[in-house]
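Data from work_18.pdb: PDB, C-alpha atoms and all ligand atoms
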```
ATOM      1  CA  MET L   5     -19.267 -29.639 -19.331  1.00  0.00           C
ATOM      2  CA  GLN L   6     -18.383 -26.846 -16.979  1.00  0.00           C
ATOM      3  CA  ARG L   7     -14.794 -25.675 -17.177  1.00  0.00           C
ATOM      4  CA  THR L   8     -12.849 -25.484 -13.954  1.00  0.00           C
ATOM      5  CA  LYS L   9     -12.034 -21.877 -13.181  1.00  0.00           C
ATOM      6  CA  PRO L  10      -8.262 -21.511 -13.261  1.00  0.00           C
ATOM      7  CA  SER L  11      -6.922 -20.785  -9.802  1.00  0.00           C
ATOM      8  CA  SER L  12      -5.969 -17.162  -9.374  1.00  0.00           C
ATOM      9  CA  LEU L  13      -5.088 -14.902  -6.530  1.00  0.00           C
ATOM     10  CA  ARG L  14      -5.484 -11.205  -5.845  1.00  0.00           C
ATOM     11  CA  ALA L  15      -2.003  -9.842  -5.218  1.00  0.00           C
ATOM     12  CA  PHE L  16      -0.189  -6.607  -4.508  1.00  0.00           C
ATOM     13  CA  LEU L  17       3.364  -5.577  -3.737  1.00  0.00           C
ATOM     14  CA  ALA L  18       3.886  -3.351  -0.715  1.00  0.00           C
ATOM     15  CA  LEU L  19       6.409  -1.849   1.622  1.00  0.00           C
ATOM     16  CA  ASP L  20       6.172  -3.064   5.207  1.00  0.00           C
ATOM     17  CA  LEU L  21       6.739  -0.317   7.753  1.00  0.00           C
ATOM     18  CA  ASP L  22       8.949  -0.190  10.826  1.00  0.00           C
ATOM     19  CA  ASP L  23       7.494  -0.355  14.341  1.00  0.00           C
ATOM     20  CA  ASP L  24       7.996   3.367  15.043  1.00  0.00           C
ATOM     21  CA  ALA L  25       6.145   4.202  11.832  1.00  0.00           C
ATOM     22  CA  LEU L  26       3.336   1.810  12.752  1.00  0.00           C
ATOM     23  CA  ASP L  27       3.083   3.493  16.167  1.00  0.00           C
ATOM     24  CA  VAL L  28       2.708   6.902  14.513  1.00  0.00           C
ATOM     25  CA  LEU L  29       0.128   5.596  12.034  1.00  0.00           C
ATOM     26  CA  SER L  30      -1.820   3.766  14.756  1.00  0.00           C
ATOM     27  CA  ALA L  31      -1.938   6.989  16.766  1.00  0.00           C
ATOM     28  CA  HIS L  32      -3.357   8.791  13.696  1.00  0.00           C
ATOM     29  CA  LEU L  33      -5.938   6.023  13.362  1.00  0.00           C
ATOM     30  CA  ARG L  34      -6.969   6.278  17.021  1.00  0.00           C
ATOM     31  CA  ARG L  35      -7.401  10.048  16.772  1.00  0.00           C
ATOM     32  CA  LEU L  36      -9.352   9.840  13.510  1.00  0.00           C
ATOM     33  CA  ARG L  37     -11.608   7.037  14.720  1.00  0.00           C
ATOM     34  CA  ALA L  38     -12.678   9.267  17.601  1.00  0.00           C
ATOM     35  CA  MET L  39     -13.924  12.001  15.220  1.00  0.00           C
ATOM     36  CA  PRO L  40     -17.700  12.543  15.027  1.00  0.00           C
ATOM     37  CA  TRP L  41     -17.701  11.619  11.315  1.00  0.00           C
ATOM     38  CA  ALA L  42     -15.632   8.449  11.802  1.00  0.00           C
ATOM     39  CA  ASN L  43     -18.537   6.189  10.795  1.00  0.00           C
ATOM     40  CA  ALA L  44     -18.415   7.579   7.253  1.00  0.00           C
ATOM     41  CA  VAL L  45     -15.053   5.863   6.823  1.00  0.00           C
ATOM     42  CA  ARG L  46     -14.086   2.198   6.591  1.00  0.00           C
ATOM     43  CA  TRP L  47     -10.899   2.248   8.658  1.00  0.00           C
ATOM     44  CA  VAL L  48      -7.922   0.028   7.867  1.00  0.00           C
ATOM     45  CA  SER L  49      -7.038  -2.348  10.659  1.00  0.00           C
ATOM     46  CA  ALA L  50      -3.690  -1.414  12.222  1.00  0.00           C
ATOM     47  CA  ASP L  51      -2.315  -4.851  11.250  1.00  0.00           C
ATOM     48  CA  ASN L  52      -2.980  -4.145   7.569  1.00  0.00           C
ATOM     49  CA  LEU L  53      -1.139  -0.805   7.247  1.00  0.00           C
ATOM     50  CA  HIS L  54       1.260  -0.745   4.270  1.00  0.00           C
ATOM     51  CA  LEU L  55       2.420   1.317   1.306  1.00  0.00           C
ATOM     52  CA  THR L  56       1.370  -0.267  -1.997  1.00  0.00           C
ATOM     53  CA  LEU L  57       4.073  -0.274  -4.679  1.00  0.00           C
ATOM     54  CA  ARG L  58       1.967  -2.082  -7.300  1.00  0.00           C
ATOM     55  CA  PHE L  59      -1.501  -3.583  -7.242  1.00  0.00           C
ATOM     56  CA  LEU L  60      -1.396  -6.687  -9.435  1.00  0.00           C
ATOM     57  CA  GLY L  61      -5.012  -7.786  -9.177  1.00  0.00           C
ATOM     58  CA  ASP L  62      -5.936 -11.350 -10.092  1.00  0.00           C
ATOM     59  CA  ILE L  63      -2.938 -13.330 -11.271  1.00  0.00           C
ATOM     60  CA  ALA L  64      -2.102 -17.018 -11.637  1.00  0.00           C
ATOM     61  CA  PRO L  65       0.193 -18.652  -9.067  1.00  0.00           C
ATOM     62  CA  ALA L  66       2.793 -19.136 -11.826  1.00  0.00           C
ATOM     63  CA  GLN L  67       2.719 -15.386 -12.520  1.00  0.00           C
ATOM     64  CA  ALA L  68       3.262 -14.694  -8.824  1.00  0.00           C
ATOM     65  CA  GLU L  69       6.333 -16.925  -8.949  1.00  0.00           C
ATOM     66  CA  ARG L  70       7.650 -15.161 -12.037  1.00  0.00           C
ATOM     67  CA  TYR L  71       6.986 -11.796 -10.435  1.00  0.00           C
ATOM     68  CA  ILE L  72       9.003 -12.767  -7.353  1.00  0.00           C
ATOM     69  CA  GLY L  73      11.871 -14.013  -9.546  1.00  0.00           C
ATOM     70  CA  ALA L  74      11.925 -10.836 -11.637  1.00  0.00           C
ATOM     71  CA  LEU L  75      11.857  -8.694  -8.514  1.00  0.00           C
ATOM     72  CA  ARG L  76      14.709 -10.648  -6.946  1.00  0.00           C
ATOM     73  CA  ARG L  77      16.861  -9.945  -9.995  1.00  0.00           C
ATOM     74  CA  GLY L  78      15.771  -6.318 -10.275  1.00  0.00           C
ATOM     75  CA  LEU L  79      16.238  -5.443  -6.618  1.00  0.00           C
ATOM     76  CA  THR L  80      19.981  -6.011  -6.890  1.00  0.00           C
ATOM     77  CA  GLN L  81      20.046  -3.018  -9.262  1.00  0.00           C
ATOM     78  CA  VAL L  82      18.256  -0.584  -6.939  1.00  0.00           C
ATOM     79  CA  ALA L  83      20.746   1.677  -5.210  1.00  0.00           C
ATOM     80  CA  ASP L  84      20.718   2.132  -1.433  1.00  0.00           C
ATOM     81  CA  LEU L  85      17.731  -0.036  -0.589  1.00  0.00           C
ATOM     82  CA  PRO L  86      18.784  -0.675   3.020  1.00  0.00           C
ATOM     83  CA  GLY L  87      18.958   3.105   3.440  1.00  0.00           C
ATOM     84  CA  LEU L  88      15.398   3.641   2.220  1.00  0.00           C
ATOM     85  CA  SER L  89      13.638   6.206   4.341  1.00  0.00           C
ATOM     86  CA  LEU L  90      10.460   8.061   3.548  1.00  0.00           C
ATOM     87  CA  ARG L  91       9.145  11.387   4.698  1.00  0.00           C
ATOM     88  CA  VAL L  92       5.470  10.728   5.278  1.00  0.00           C
ATOM     89  CA  SER L  93       2.796  13.374   5.874  1.00  0.00           C
ATOM     90  CA  GLY L  94       0.044  13.362   8.441  1.00  0.00           C
ATOM     91  CA  PRO L  95      -3.445  12.175   7.360  1.00  0.00           C
ATOM     92  CA  ARG L  96      -4.768  13.839   4.205  1.00  0.00           C
ATOM     93  CA  LEU L  97      -7.766  13.465   1.923  1.00  0.00           C
ATOM     94  CA  PHE L  98      -6.480  11.604  -1.155  1.00  0.00           C
ATOM     95  CA  PRO L  99      -6.146  11.728  -4.149  1.00  0.00           C
ATOM     96  CA  ARG L 100      -7.790  15.166  -4.233  1.00  0.00           C
ATOM     97  CA  SER L 101      -9.289  16.982  -1.298  1.00  0.00           C
ATOM     98  CA  SER L 102     -12.182  17.995  -3.581  1.00  0.00           C
ATOM     99  CA  HIS L 103     -12.877  14.366  -4.609  1.00  0.00           C
ATOM    100  CA  PRO L 104     -11.289  12.143  -1.997  1.00  0.00           C
ATOM    101  CA  ARG L 105     -11.574   8.374  -2.006  1.00  0.00           C
ATOM    102  CA  VAL L 106      -9.420   7.696   1.014  1.00  0.00           C
ATOM    103  CA  ILE L 107      -7.699   9.242   4.003  1.00  0.00           C
ATOM    104  CA  ALA L 108      -4.005   8.509   3.652  1.00  0.00           C
ATOM    105  CA  CYS L 109      -0.541   9.583   4.727  1.00  0.00           C
ATOM    106  CA  LEU L 110       1.462  10.638   1.680  1.00  0.00           C
ATOM    107  CA  ALA L 111       5.069   9.642   1.084  1.00  0.00           C
ATOM    108  CA  GLU L 112       7.355  12.279  -0.374  1.00  0.00           C
ATOM    109  CA  SER L 113       8.919  10.974  -3.542  1.00  0.00           C
ATOM    110  CA  ASN L 114      12.616  10.100  -3.521  1.00  0.00           C
ATOM    111  CA  ALA L 115      14.977   8.333  -5.917  1.00  0.00           C
ATOM    112  CA  THR L 116      14.890   4.938  -4.192  1.00  0.00           C
ATOM    113  CA  LEU L 117      11.107   4.886  -3.848  1.00  0.00           C
ATOM    114  CA  THR L 118      10.739   5.874  -7.500  1.00  0.00           C
ATOM    115  CA  ALA L 119      13.197   3.156  -8.555  1.00  0.00           C
ATOM    116  CA  LEU L 120      11.207   0.593  -6.545  1.00  0.00           C
ATOM    117  CA  ALA L 121       7.896   1.669  -8.049  1.00  0.00           C
ATOM    118  CA  ASP L 122       9.424   1.593 -11.541  1.00  0.00           C
ATOM    119  CA  LEU L 123      10.779  -1.902 -10.897  1.00  0.00           C
ATOM    120  CA  ALA L 124       7.420  -3.095  -9.523  1.00  0.00           C
ATOM    121  CA  GLU L 125       5.770  -1.761 -12.697  1.00  0.00           C
ATOM    122  CA  ALA L 126       8.356  -3.250 -15.095  1.00  0.00           C
ATOM    123  CA  CYS L 127       8.012  -6.662 -13.431  1.00  0.00           C
ATOM    124  CA  ALA L 128       4.216  -6.405 -13.671  1.00  0.00           C
ATOM    125  CA  THR L 129       4.237  -5.773 -17.414  1.00  0.00           C
ATOM    126  CA  GLY L 130       6.946  -8.480 -17.607  1.00  0.00           C
ATOM    127  CA  ILE L 131       4.436 -11.088 -16.376  1.00  0.00           C
ATOM    128  CA  GLY L 132       1.870  -9.922 -18.889  1.00  0.00           C
ATOM    129  CA  LEU L 133      -0.157  -7.377 -16.939  1.00  0.00           C
ATOM    130  CA  ALA L 134      -1.423  -4.203 -18.556  1.00  0.00           C
ATOM    131  CA  ALA L 135       0.626  -1.099 -17.790  1.00  0.00           C
ATOM    132  CA  GLU L 136      -0.620   1.072 -14.939  1.00  0.00           C
ATOM    133  CA  LYS L 137      -2.066   4.271 -16.358  1.00  0.00           C
ATOM    134  CA  ARG L 138      -1.986   6.343 -13.210  1.00  0.00           C
ATOM    135  CA  PRO L 139       1.338   7.773 -12.051  1.00  0.00           C
ATOM    136  CA  PHE L 140       2.746   6.265  -8.860  1.00  0.00           C
ATOM    137  CA  ASN L 141       1.805   8.233  -5.768  1.00  0.00           C
ATOM    138  CA  GLY L 142       3.119   6.551  -2.622  1.00  0.00           C
ATOM    139  CA  HIS L 143       0.602   6.638   0.186  1.00  0.00           C
ATOM    140  CA  ILE L 144      -0.467   4.685   3.241  1.00  0.00           C
ATOM    141  CA  THR L 145      -4.238   4.339   3.342  1.00  0.00           C
ATOM    142  CA  LEU L 146      -5.786   4.779   6.780  1.00  0.00           C
ATOM    143  CA  GLY L 147      -9.411   4.617   5.752  1.00  0.00           C
ATOM    144  CA  ARG L 148     -11.737   4.498   2.765  1.00  0.00           C
ATOM    145  CA  LEU L 149     -14.674   6.846   2.434  1.00  0.00           C
ATOM    146  CA  ARG L 150     -18.004   5.068   2.168  1.00  0.00           C
ATOM    147  CA  ASP L 151     -19.853   8.138   0.944  1.00  0.00           C
ATOM    148  CA  PRO L 152     -19.018  11.669  -0.120  1.00  0.00           C
ATOM    149  CA  PRO L 153     -16.556  13.337   2.240  1.00  0.00           C
ATOM    150  CA  PRO L 154     -18.076  13.676   5.683  1.00  0.00           C
ATOM    151  CA  GLN L 155     -19.289  17.174   6.503  1.00  0.00           C
ATOM    152  CA  GLY L 156     -16.793  18.976   8.686  1.00  0.00           C
ATOM    153  CA  ALA L 157     -14.142  16.331   8.201  1.00  0.00           C
ATOM    154  CA  VAL L 158     -11.227  18.558   9.001  1.00  0.00           C
ATOM    155  CA  LEU L 159      -7.900  16.827   9.269  1.00  0.00           C
ATOM    156  CA  PRO L 160      -5.146  18.258  11.417  1.00  0.00           C
ATOM    157  CA  LYS L 161      -2.432  20.025   9.419  1.00  0.00           C
ATOM    158  CA  GLU L 162       1.103  19.071  10.274  1.00  0.00           C
ATOM    159  CA  GLU L 163       4.119  21.103   9.370  1.00  0.00           C
ATOM    160  CA  GLU L 164       6.681  18.315   9.340  1.00  0.00           C
ATOM    161  CA  GLY L 165       6.338  14.788   8.093  1.00  0.00           C
ATOM    162  CA  THR L 166       7.467  11.716   9.970  1.00  0.00           C
ATOM    163  CA  LEU L 167      10.503   9.828   8.760  1.00  0.00           C
ATOM    164  CA  MET L 168       9.682   6.162   8.194  1.00  0.00           C
ATOM    165  CA  ARG L 169      12.109   3.334   7.513  1.00  0.00           C
ATOM    166  CA  PRO L 170      10.377   0.486   5.665  1.00  0.00           C
ATOM    167  CA  THR L 171      11.667  -2.911   6.750  1.00  0.00           C
ATOM    168  CA  ALA L 172      10.731  -5.087   3.791  1.00  0.00           C
ATOM    169  CA  ILE L 173       9.064  -5.443   0.422  1.00  0.00           C
ATOM    170  CA  THR L 174       6.328  -8.067   0.479  1.00  0.00           C
ATOM    171  CA  LEU L 175       4.157  -9.651  -2.175  1.00  0.00           C
ATOM    172  CA  TYR L 176       0.768 -10.134  -0.524  1.00  0.00           C
ATOM    173  CA  LYS L 177      -2.218 -12.228  -1.363  1.00  0.00           C
ATOM    174  CA  SER L 178      -5.407 -10.310  -0.555  1.00  0.00           C
ATOM    175  CA  GLU L 179      -8.675 -12.056   0.224  1.00  0.00           C
ATOM    176  CA  LEU L 180     -11.633  -9.714   0.372  1.00  0.00           C
ATOM    177  CA  SER L 181     -14.268 -10.276   3.003  1.00  0.00           C
ATOM    178  CA  PRO L 182     -17.102  -8.166   4.376  1.00  0.00           C
ATOM    179  CA  ARG L 183     -15.120  -7.744   7.555  1.00  0.00           C
ATOM    180  CA  GLY L 184     -12.080  -6.385   5.720  1.00  0.00           C
ATOM    181  CA  ALA L 185      -9.332  -7.756   3.525  1.00  0.00           C
ATOM    182  CA  ILE L 186      -7.119 -10.547   4.785  1.00  0.00           C
ATOM    183  CA  TYR L 187      -3.525 -10.214   3.622  1.00  0.00           C
ATOM    184  CA  THR L 188      -1.125 -13.153   3.536  1.00  0.00           C
ATOM    185  CA  ALA L 189       2.564 -12.684   2.737  1.00  0.00           C
ATOM    186  CA  LEU L 190       3.601 -14.789  -0.258  1.00  0.00           C
ATOM    187  CA  HIS L 191       7.197 -13.607  -0.321  1.00  0.00           C
ATOM    188  CA  THR L 192       9.203 -11.040   1.633  1.00  0.00           C
ATOM    189  CA  PHE L 193      12.437  -9.306   0.657  1.00  0.00           C
ATOM    190  CA  SER L 194      14.010  -7.856   3.770  1.00  0.00           C
ATOM    191  CA  LEU L 195      15.553  -4.418   3.398  1.00  0.00           C
ATOM    192  CA  ARG L 196      17.628  -4.885   6.506  1.00  0.00           C
ATOM    193  CA  SER L 197      19.767  -7.801   5.355  1.00  0.00           C
ATOM    194  CA  GLN L 198      21.654  -8.425   2.141  1.00  0.00           C
ATOM    195  CA  LEU L 199      19.171  -8.888  -0.699  1.00  0.00           C
TER     196      LEU L 199
HETATM  197  P1  LIG F   1     -11.021  -3.522   0.426  1.00  0.00           P
HETATM  198  O1  LIG F   1     -10.930  -3.487  -1.082  1.00  0.00           O
HETATM  199  O2  LIG F   1     -11.996  -4.546   0.943  1.00  0.00           O
HETATM  200  O3  LIG F   1     -11.194  -2.182   1.027  1.00  0.00           O
HETATM  201  P2  LIG F   1      -8.175  -3.503   0.533  1.00  0.00           P
HETATM  202  O4  LIG F   1      -8.298  -2.314  -0.374  1.00  0.00           O
HETATM  203  O5  LIG F   1      -7.350  -3.402   1.761  1.00  0.00           O
HETATM  204  O6  LIG F   1      -9.598  -4.026   0.957  1.00  0.00           O
HETATM  205  P3  LIG F   1      -7.350  -4.797  -1.857  1.00  0.00           P
HETATM  206  O7  LIG F   1      -8.506  -4.176  -2.588  1.00  0.00           O
HETATM  207  O8  LIG F   1      -7.014  -6.216  -2.177  1.00  0.00           O
HETATM  208  O9  LIG F   1      -7.595  -4.729  -0.291  1.00  0.00           O
HETATM  209  O10 LIG F   1      -6.090  -3.869  -2.117  1.00  0.00           O
HETATM  210  C1  LIG F   1      -4.798  -4.198  -1.690  1.00  0.00           C
HETATM  211  C2  LIG F   1      -3.936  -2.955  -1.833  1.00  0.00           C
HETATM  212  O11 LIG F   1      -3.889  -2.579  -3.210  1.00  0.00           O
HETATM  213  C3  LIG F   1      -4.476  -1.739  -1.100  1.00  0.00           C
HETATM  214  O12 LIG F   1      -3.376  -0.935  -0.711  1.00  0.00           O
HETATM  215  C4  LIG F   1      -5.284  -1.019  -2.144  1.00  0.00           C
HETATM  216  O13 LIG F   1      -5.364   0.361  -1.884  1.00  0.00           O
HETATM  217  C5  LIG F   1      -4.460  -1.285  -3.393  1.00  0.00           C
HETATM  218  N1  LIG F   1      -5.320  -1.321  -4.571  1.00  0.00           N
HETATM  219  C6  LIG F   1      -6.471  -2.013  -4.706  1.00  0.00           C
HETATM  220  N2  LIG F   1      -6.993  -1.858  -5.929  1.00  0.00           N
HETATM  221  C7  LIG F   1      -6.163  -1.043  -6.599  1.00  0.00           C
HETATM  222  C8  LIG F   1      -6.140  -0.502  -7.902  1.00  0.00           C
HETATM  223  N3  LIG F   1      -7.076  -0.770  -8.794  1.00  0.00           N
HETATM  224  N4  LIG F   1      -5.103   0.305  -8.244  1.00  0.00           N
HETATM  225  C9  LIG F   1      -4.135   0.568  -7.375  1.00  0.00           C
HETATM  226  N5  LIG F   1      -4.080   0.097  -6.120  1.00  0.00           N
HETATM  227  C10 LIG F   1      -5.079  -0.692  -5.723  1.00  0.00           C
HETATM  228 MG    MG F   2      -9.477  -2.302  -2.182  1.00  0.00          MG
END
```
Please go through the file and, once you have read it, give me the structure as C-alpha cells.
Ligand code: ATP
Ligand code: MG
Amino acid sequence: MQRTKPSSLRAFLALDLDDDALDVLSAHLRRLRAMPWANAVRWVSADNLHLTLRFLGDIAPAQAERYIGALRRGLTQVADLPGLSLRVSGPRLFPRSSHPRVIACLAESNATLTALADLAEACATGIGLAAEKRPFNGHITLGRLRDPPPQGAVLPKEEEGTLMRPTAITLYKSELSPRGAIYTALHTFSLRSQL
C-alpha cells in the first residue's frame, strides 16, 4: 500500500519592506533589466522583493504553527523593533564578486537585525530544524544568475546606501513554479504597531 506523503510546505521568514524602499529597489530592477546582459539573470518580480531572515525549507503545518508561536514570544524580547531601519547598498554581486550566485542589495548589520536573525535561527532549531551553517548576511535578492557572471556585467557603485524601514516580519509559504516562486503570507507581525 502506498503511504500518503505527509503534507509539508516550503517556508521562509522575511522582512517586508516599506514603499519607499520598494520604489528604490524597483528602480534598481528597471535599470538592471535594461542592461545588455540582463537575459543571463532570472530577475525577481517587484512584488516578491524581501529580505530573508531564515529559510526554513519543507516543514509540516504544525511546525509552522509552532514557529509562529515561538516567534511571537521571542519578538517581545527584541529591543527597538519599531525603530528598525537598515542601511542597504546598491546592487552588488553576492555572495562573492568572484563567484556570484545572485545580484542583491546588502543590508548593513545592526543590533536589531542581528537579534532578529538570531531569534529566527533559535526558533528554527526549536522546531527541530538543523542549525544553519552559514552566517547570516542580510540581503535583498534582485536576480539570480543562470550561468557564470555575464561578461561585462558592471554594476554601478554607490557611495551611500539607502535607509530602509521594514514594515513587518512575515512567515511565507513559497510555491516554486517555472514562472517564478509564488509567495503566500502565512502570518505577519507588524513592526508598526504593538507586537
Ligand atoms: P526560485 O528558487 O524559483 O528562484 P525563490 O528563491 O524566490 O524562487 P525559494 O527558493 O522558495 O524562492 O526561496 C525563498 C527565499 O528563501 C528566497 O529569499 C531565497 O533566496 C531564500 N532561500 C532559498 N533557499 C535557501 C537556502 N538554502 N538557504 C538560505 N536561503 C534560501
Ligand atoms: Mg530559491
Box in all listed atoms of ligand LIG 1 (chain F), axis-aligned, with 5 Å more on each side; write out centre and edge lengths in Å to one decimal as AutoDock Vina command-line options.
```
--center_x -7.7 --center_y -2.8 --center_z -3.5 --size_x 18.6 --size_y 16.8 --size_z 20.6
```
Rows by chain and residue number, chain L within 10 Å of ligand MG 2 (chain F), shortest pair, only C-alpha atoms and all ligand atoms, as a Markdown table:
```
| residue | atom | partner | partner_atom | distance |
| --- | --- | --- | --- | --- |
| L:Phe59 | CA | F:MG2 | MG | 9.5 |
| L:Gly61 | CA | F:MG2 | MG | 9.9 |
| L:Arg148 | CA | F:MG2 | MG | 8.7 |
| L:Ser178 | CA | F:MG2 | MG | 9.1 |
| L:Leu180 | CA | F:MG2 | MG | 8.1 |
| L:Gly184 | CA | F:MG2 | MG | 9.3 |
| L:Ala185 | CA | F:MG2 | MG | 7.9 |
```
* Expected answer as a PyMOL selection string: residues within 9 Å of ligand LIG 1 (chain F), all atoms listed in the file -> chain L and resi 14-18+46-49+52-61+106+136+138+143-145+147-148+176-187
* To do: Rounded to one decimal place, report the CA of Ser89 (chain L)-CA of Leu133 (chain L) distance in Å.
  => 28.8 Å
* Could you state which residues are captured by the PyMOL selection byres (((chain L and resi 90-104) around 7) and not hetatm) in this file, as number ranges by chain? => L: 88-89, 105-112, 153, 159, 162, 165-169
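Residues with any atom within 12 Å of Arg70 (chain L), counting all atoms listed in the file and excluding same-chain neighbours fewer than 6 positions away, are Ile63, Ala64, Arg76, Arg77, Cys127, Ala128, Thr129, Gly130, Ile131, Gly132, Leu175 and His191 of chain L.
Reported to one decimal place, the separation of CA of Asn141 (chain L) from CA of Asn114 (chain L) is 11.2 Å.
For the choices L:Gly78, L:Lys137, L:Ile72, L:Ala157, the atom-to-atom distance to Arg37 (chain L) is smallest for L:Ala157 when using only C-alpha atoms.
The spacing separating CA of Asp24 (chain L) from CA of Ala44 (chain L) amounts to 27.9 Å.
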* Asked: Taking the file as shown, what set of residues would the PyMOL selection byres (((chain L and resi 193) around 7) and not hetatm) give back, as number ranges by chain?
  -> L: 172-174, 191-192, 194-195, 199
Let me see the file: selected residues, C-alpha atoms, as an mmCIF file, in the frame of the given file.
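The result, stored in again_38.cif:
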```cif
data_model
loop_
_atom_site.group_PDB
_atom_site.id
_atom_site.type_symbol
_atom_site.label_atom_id
_atom_site.label_comp_id
_atom_site.auth_asym_id
_atom_site.auth_seq_id
_atom_site.Cartn_x
_atom_site.Cartn_y
_atom_site.Cartn_z
ATOM 1 C CA ALA L 172 10.731 -5.087 3.791
ATOM 2 C CA ILE L 173 9.064 -5.443 0.422
ATOM 3 C CA THR L 174 6.328 -8.067 0.479
ATOM 4 C CA HIS L 191 7.197 -13.607 -0.321
ATOM 5 C CA THR L 192 9.203 -11.040 1.633
ATOM 6 C CA SER L 194 14.010 -7.856 3.770
ATOM 7 C CA LEU L 195 15.553 -4.418 3.398
ATOM 8 C CA LEU L 199 19.171 -8.888 -0.699
#
```
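Using only C-alpha atoms, the smallest distance between any of L:Leu13, L:Val82, L:Val158, L:Thr188 and Ala121 (chain L) comes from L:Val82.
Shortest atom-to-atom contact with Thr116 (chain L) among L:Leu21, L:Leu85, L:Leu75, L:Ala134: L:Leu85, counting all atoms listed in the file.
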